[in-house]
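Peer 1: I'd like to ask some things about the structure below.
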Amino acid sequence: MFIARNFFLKKINNKYYSDFVKIIEVGPRDGLQNEKKIIPTSIKVDFINKLSETGLKTVEVTSFVSPKWVPQMADNEQVFKQIKKYENINYPVLVPNVKGLEKAIEVGVKEIAIFGSPSETFSRKNTNCSVTENMLKMKEIIDLAKRNNLKIRGYVSCIIACPYEGAMKPFSVASLSSALLELGCYEISLGDTIGVGTPKKIKSLLNEIKEIGDFNKFALHLHDTYGQAIGNIYTGLDYGIRTFDSSVAGLGGCPYAEGASGNVATEDVLYFLNEQGLETGINLEKVAKVGDFISNQLERKNQSKVGNALLSKVKKTNACV
């Protein structure tokens, strides 16, 4: 008997959820932005082009932020102009203010990401303004983006805890998320910025989130500081979330959160999802090779356990030929 794929996984809270999971690759932006070694524009372009050949449908390219604050992203316009763009792949960029958005519009950006946090201290450290002030700033960005027919995705940072204020209240995270959806974001990416989330804490948050909208409007953006990211993804799947952010080779980290390691590695997420019988349309082996490529360029250890295992297996096989 023929069994159709990409149809239904199971019934959750009286709704059916697809067995297809969407991966948002954030390595070129969130992964590279805090690296001290400045990567040449040509390498960034090559990096993104290689990711575009893996089956990924969304690759976050860069950030249109002041080079004074994020030197790694100083070549944002050049990178976006030079990458090879496929019609079936989205290439969003992060914009912190209207000035950044205006520059993004000039080079033909079609989708942007904006960001906020329920933590007053983190907001001031990260955006130099209060939570309320940042909301007004985001509204200004969204209004201009709408007038230019851009898609808008929202990031909410510190969903579990803030490095300065400690634990965040789920209600505060849900309230900020709801406000961003009302302003016009098509999706909210919930970020465990310092990687302190556990399945129990993620459940507590998602129980609050489900009161404001369907989970098809939410994604999880998890850092793996304490090695809990895969477990937290499993929890998100059980609630019906089908979009996850990840970074090839586990690149990333938060400059405002001491000790925070990178995003969960795309390779590790893909292996986990594959073994769960879920579909992504992404070639794991190709992603592992891209992870090896960018790790070599950065002269740093690949943080993906799966990536290292696959590459080690290939080397051993080649040695036996």
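We label chains A, B, ... in the order they appear in the structure tokens, count residues from 1 in each chain, and number ligands from 1 in the order shown.
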When you look at stretch 89-96 of chain A with a cut-off of 10 Å (counting only C-alpha atoms), what residues show up, excluding the ones that are within fewer than 4 positions of it in the same chain? I need them as a VMD selection string.

Peer 2: chain A and resid 24 to 26 28 to 30 48 52 55 to 66 76 80 83 85 100 to 104 109 to 116 126 to 127 134 137 to 138 141 150 to 155

Peer 1: Neighbours of A:Val269 within 7 Å (only C-alpha atoms; same-chain residues fewer than 4 positions away dropped), as a list in words?

Peer 2: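 Once the adjacent positions are removed, what remains is Ile230, Ala265 and Leu273 of chain A.
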
Peer 1: For the residues in the current selection, export N, CA and C atoms as a PDB file, in the first residue's frame.

Peer 2:
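After the write, result_19.pdb holds the following:
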```
ATOM      1  N   ILE A 230      18.449  19.764  21.737  1.00  0.00           N
ATOM      2  CA  ILE A 230      17.716  18.696  21.047  1.00  0.00           C
ATOM      3  C   ILE A 230      16.505  18.253  21.871  1.00  0.00           C
ATOM      4  N   ALA A 265      23.443  23.025  16.421  1.00  0.00           N
ATOM      5  CA  ALA A 265      24.020  22.766  15.099  1.00  0.00           C
ATOM      6  C   ALA A 265      22.980  22.202  14.138  1.00  0.00           C
ATOM      7  N   LEU A 273      15.990  14.803  13.460  1.00  0.00           N
ATOM      8  CA  LEU A 273      14.713  14.795  12.746  1.00  0.00           C
ATOM      9  C   LEU A 273      14.615  13.607  11.799  1.00  0.00           C
TER      10      LEU A 273
END
```

Peer 1: Can you tell me, as a PyMOL selection string, what residues are no more than 7 Å from A:Lys84 when counting only C-alpha atoms, ignoring any on the same chain fewer than 2 positions away?

Peer 2: chain A and resi 49+82+86

Peer 1: For A:Ile294, work out the shell of residues within 8 Å, counting only C-alpha atoms and skipping chain neighbours fewer than 4 positions away, then give it as number ranges by chain.

Peer 2: A: 47, 249, 290, 298

Peer 1: Please write the residues from the selection above to a file, keeping C-alpha atoms, as a JSON list (two decimals), in the first residue's frame.

Peer 2:
```json
[["chain", "number", "residue", "atom", "x", "y", "z"],
["A", 47, "PHE", "CA", 29.49, 29.97, 2.41],
["A", 249, "ALA", "CA", 28.65, 23.72, 12.74],
["A", 290, "VAL", "CA", 29.57, 23.15, 4.56],
["A", 298, "LEU", "CA", 37.29, 30.37, 11.03]]
```

Peer 1: Output as a PyMOL selection string all residues of stretch 3-179 of chain A that backbone DSSP marks as helix (DSSP H, G or I).

Peer 2: chain A and resi 27-31+41-51+71-73+76-82+98-106+120-127+131-147+170-179

Peer 1: A:Asp75: which residues within 10 Å, counting only C-alpha atoms, same-chain residues fewer than 2 positions away excluded, as number ranges by chain?

Peer 2: A: 39-41, 44, 62-64, 67, 71-73, 77-80

Peer 1: Would you export the selected residues with all heavy atoms as a compact mmCIF listing (two decimals), in the first residue's frame, please?

Peer 2:
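Saved as out16.txt:
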```
# COMPACT_ATOMS: atom_id res chain seq x y z
N ILE A 39 35.76 37.61 8.44
CA ILE A 39 35.75 36.73 7.29
C ILE A 39 35.62 37.56 6.01
O ILE A 39 34.76 38.43 5.92
CB ILE A 39 34.57 35.73 7.37
CG1 ILE A 39 34.65 34.92 8.66
CG2 ILE A 39 34.56 34.81 6.16
CD1 ILE A 39 35.90 34.10 8.81
N PRO A 40 36.47 37.33 5.00
CA PRO A 40 36.38 38.07 3.74
C PRO A 40 35.01 37.91 3.09
O PRO A 40 34.37 36.85 3.22
CB PRO A 40 37.48 37.43 2.88
CG PRO A 40 38.43 36.84 3.85
CD PRO A 40 37.60 36.36 5.01
N THR A 41 34.58 38.93 2.41
CA THR A 41 33.27 38.91 1.75
C THR A 41 33.14 37.71 0.82
O THR A 41 32.10 37.04 0.79
CB THR A 41 33.07 40.21 0.95
OG1 THR A 41 33.14 41.33 1.85
CG2 THR A 41 31.71 40.21 0.25
N LYS A 44 32.24 34.61 2.72
CA LYS A 44 30.84 34.64 3.17
C LYS A 44 29.90 34.30 2.02
O LYS A 44 28.93 33.54 2.18
CB LYS A 44 30.49 36.02 3.73
CG LYS A 44 31.19 36.38 5.01
CD LYS A 44 30.85 37.80 5.43
CE LYS A 44 31.64 38.23 6.65
NZ LYS A 44 31.44 39.66 7.00
N THR A 62 22.63 38.13 6.50
CA THR A 62 23.48 39.13 7.14
C THR A 62 22.63 40.03 8.03
O THR A 62 21.43 39.82 8.18
CB THR A 62 24.23 39.98 6.08
OG1 THR A 62 25.17 40.83 6.74
CG2 THR A 62 23.28 40.81 5.24
N SER A 63 23.26 41.05 8.59
CA SER A 63 22.57 42.03 9.42
C SER A 63 22.92 43.43 8.95
O SER A 63 24.10 43.75 8.79
CB SER A 63 22.98 41.85 10.89
OG SER A 63 22.39 42.84 11.70
N PHE A 64 21.90 44.24 8.72
CA PHE A 64 22.13 45.62 8.29
C PHE A 64 22.23 46.52 9.51
O PHE A 64 21.39 47.37 9.77
CB PHE A 64 21.02 46.07 7.33
CG PHE A 64 21.24 45.58 5.93
CD1 PHE A 64 21.04 44.25 5.60
CD2 PHE A 64 21.70 46.44 4.93
CE1 PHE A 64 21.26 43.79 4.32
CE2 PHE A 64 21.93 45.99 3.64
CZ PHE A 64 21.71 44.66 3.33
N PRO A 67 28.50 49.00 11.37
CA PRO A 67 29.77 48.27 11.52
C PRO A 67 30.49 48.63 12.81
O PRO A 67 31.35 47.88 13.28
CB PRO A 67 30.56 48.70 10.28
CG PRO A 67 29.95 50.00 9.86
CD PRO A 67 28.49 49.86 10.18
N PRO A 71 31.28 44.68 13.57
CA PRO A 71 32.25 44.79 12.47
C PRO A 71 32.14 43.67 11.43
O PRO A 71 32.38 43.90 10.25
CB PRO A 71 33.60 44.74 13.20
CG PRO A 71 33.30 45.23 14.58
CD PRO A 71 31.94 44.71 14.89
N GLN A 72 31.79 42.48 11.88
CA GLN A 72 31.69 41.34 10.96
C GLN A 72 30.66 41.56 9.85
O GLN A 72 30.78 41.01 8.76
CB GLN A 72 31.31 40.07 11.74
CG GLN A 72 31.39 38.78 10.97
CD GLN A 72 32.79 38.35 10.64
OE1 GLN A 72 33.24 38.52 9.51
NE2 GLN A 72 33.51 37.83 11.63
N MET A 73 29.65 42.39 10.13
CA MET A 73 28.58 42.62 9.17
C MET A 73 28.76 43.90 8.36
O MET A 73 27.83 44.38 7.70
CB MET A 73 27.23 42.68 9.89
CG MET A 73 26.88 41.42 10.67
SD MET A 73 26.44 40.00 9.64
CE MET A 73 27.79 38.87 9.99
N GLU A 77 25.87 44.87 2.50
CA GLU A 77 25.35 45.16 1.16
C GLU A 77 26.06 44.33 0.10
O GLU A 77 25.42 43.77 -0.81
CB GLU A 77 25.49 46.65 0.85
CG GLU A 77 24.63 47.54 1.74
CD GLU A 77 24.77 49.01 1.38
OE1 GLU A 77 24.59 49.36 0.19
OE2 GLU A 77 25.08 49.83 2.28
N GLN A 78 27.38 44.25 0.19
CA GLN A 78 28.14 43.50 -0.79
C GLN A 78 27.79 42.01 -0.77
O GLN A 78 27.64 41.38 -1.82
CB GLN A 78 29.65 43.66 -0.54
CG GLN A 78 30.19 45.05 -0.83
CD GLN A 78 29.99 46.02 0.35
OE1 GLN A 78 29.41 45.63 1.36
NE2 GLN A 78 30.46 47.23 0.20
N VAL A 79 27.64 41.46 0.44
CA VAL A 79 27.30 40.05 0.57
C VAL A 79 25.94 39.78 -0.07
O VAL A 79 25.79 38.83 -0.87
CB VAL A 79 27.28 39.62 2.05
CG1 VAL A 79 26.65 38.22 2.19
CG2 VAL A 79 28.69 39.61 2.61
N PHE A 80 24.95 40.60 0.26
CA PHE A 80 23.61 40.35 -0.28
C PHE A 80 23.58 40.49 -1.80
O PHE A 80 22.91 39.72 -2.49
CB PHE A 80 22.59 41.30 0.35
CG PHE A 80 21.17 40.91 0.01
CD1 PHE A 80 20.51 39.96 0.78
CD2 PHE A 80 20.51 41.44 -1.09
CE1 PHE A 80 19.21 39.56 0.45
CE2 PHE A 80 19.22 41.05 -1.41
CZ PHE A 80 18.57 40.10 -0.63
```

Peer 1: Using only C-alpha atoms, which residues sit within 9 Å of A:Leu180 once same-chain residues fewer than 5 positions away are excluded, as a ChimeraX atom specification?

Peer 2: /A:135,138-139,153-154,175,185-188

Peer 1: Include C-alpha atoms and write out the residues we just selected as an mmCIF file, in the first residue's frame.

Peer 2:
```
data_model
loop_
_atom_site.group_PDB
_atom_site.id
_atom_site.type_symbol
_atom_site.label_atom_id
_atom_site.label_comp_id
_atom_site.auth_asym_id
_atom_site.auth_seq_id
_atom_site.Cartn_x
_atom_site.Cartn_y
_atom_site.Cartn_z
ATOM 1 C CA MET A 135 8.500 48.344 20.466
ATOM 2 C CA MET A 138 9.975 48.049 15.697
ATOM 3 C CA LYS A 139 6.583 49.467 14.752
ATOM 4 C CA ARG A 153 9.773 37.849 11.003
ATOM 5 C CA GLY A 154 10.141 38.661 14.680
ATOM 6 C CA SER A 175 2.737 39.352 25.565
ATOM 7 C CA CYS A 185 5.141 39.709 11.849
ATOM 8 C CA TYR A 186 4.158 36.500 10.063
ATOM 9 C CA GLU A 187 6.142 34.390 12.525
ATOM 10 C CA ILE A 188 7.828 34.730 15.913
#
```

Peer 1: How far is it from atom CA of A:Phe171 to atom CA of A:Ile233, in Å with one decimal?

Peer 2: 20.7 Å

Peer 1: Find, counting only C-alpha atoms, the residue in A:Ile241, A:Ile142, A:Cys158, A:Leu284 that gets nearest to A:Asp214.

Peer 2: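 Comparing A:Ile241, A:Ile142, A:Cys158, A:Leu284 against A:Asp214, the winner is A:Ile241.
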
Peer 1: For A:Ser295, which residue out of A:Asn88, A:Thr121, A:Asn308, A:Asn148 is the nearest one, using only C-alpha atoms?

Peer 2: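 When distances to A:Ser295 are compared using only C-alpha atoms, the smallest one comes from A:Asn308.
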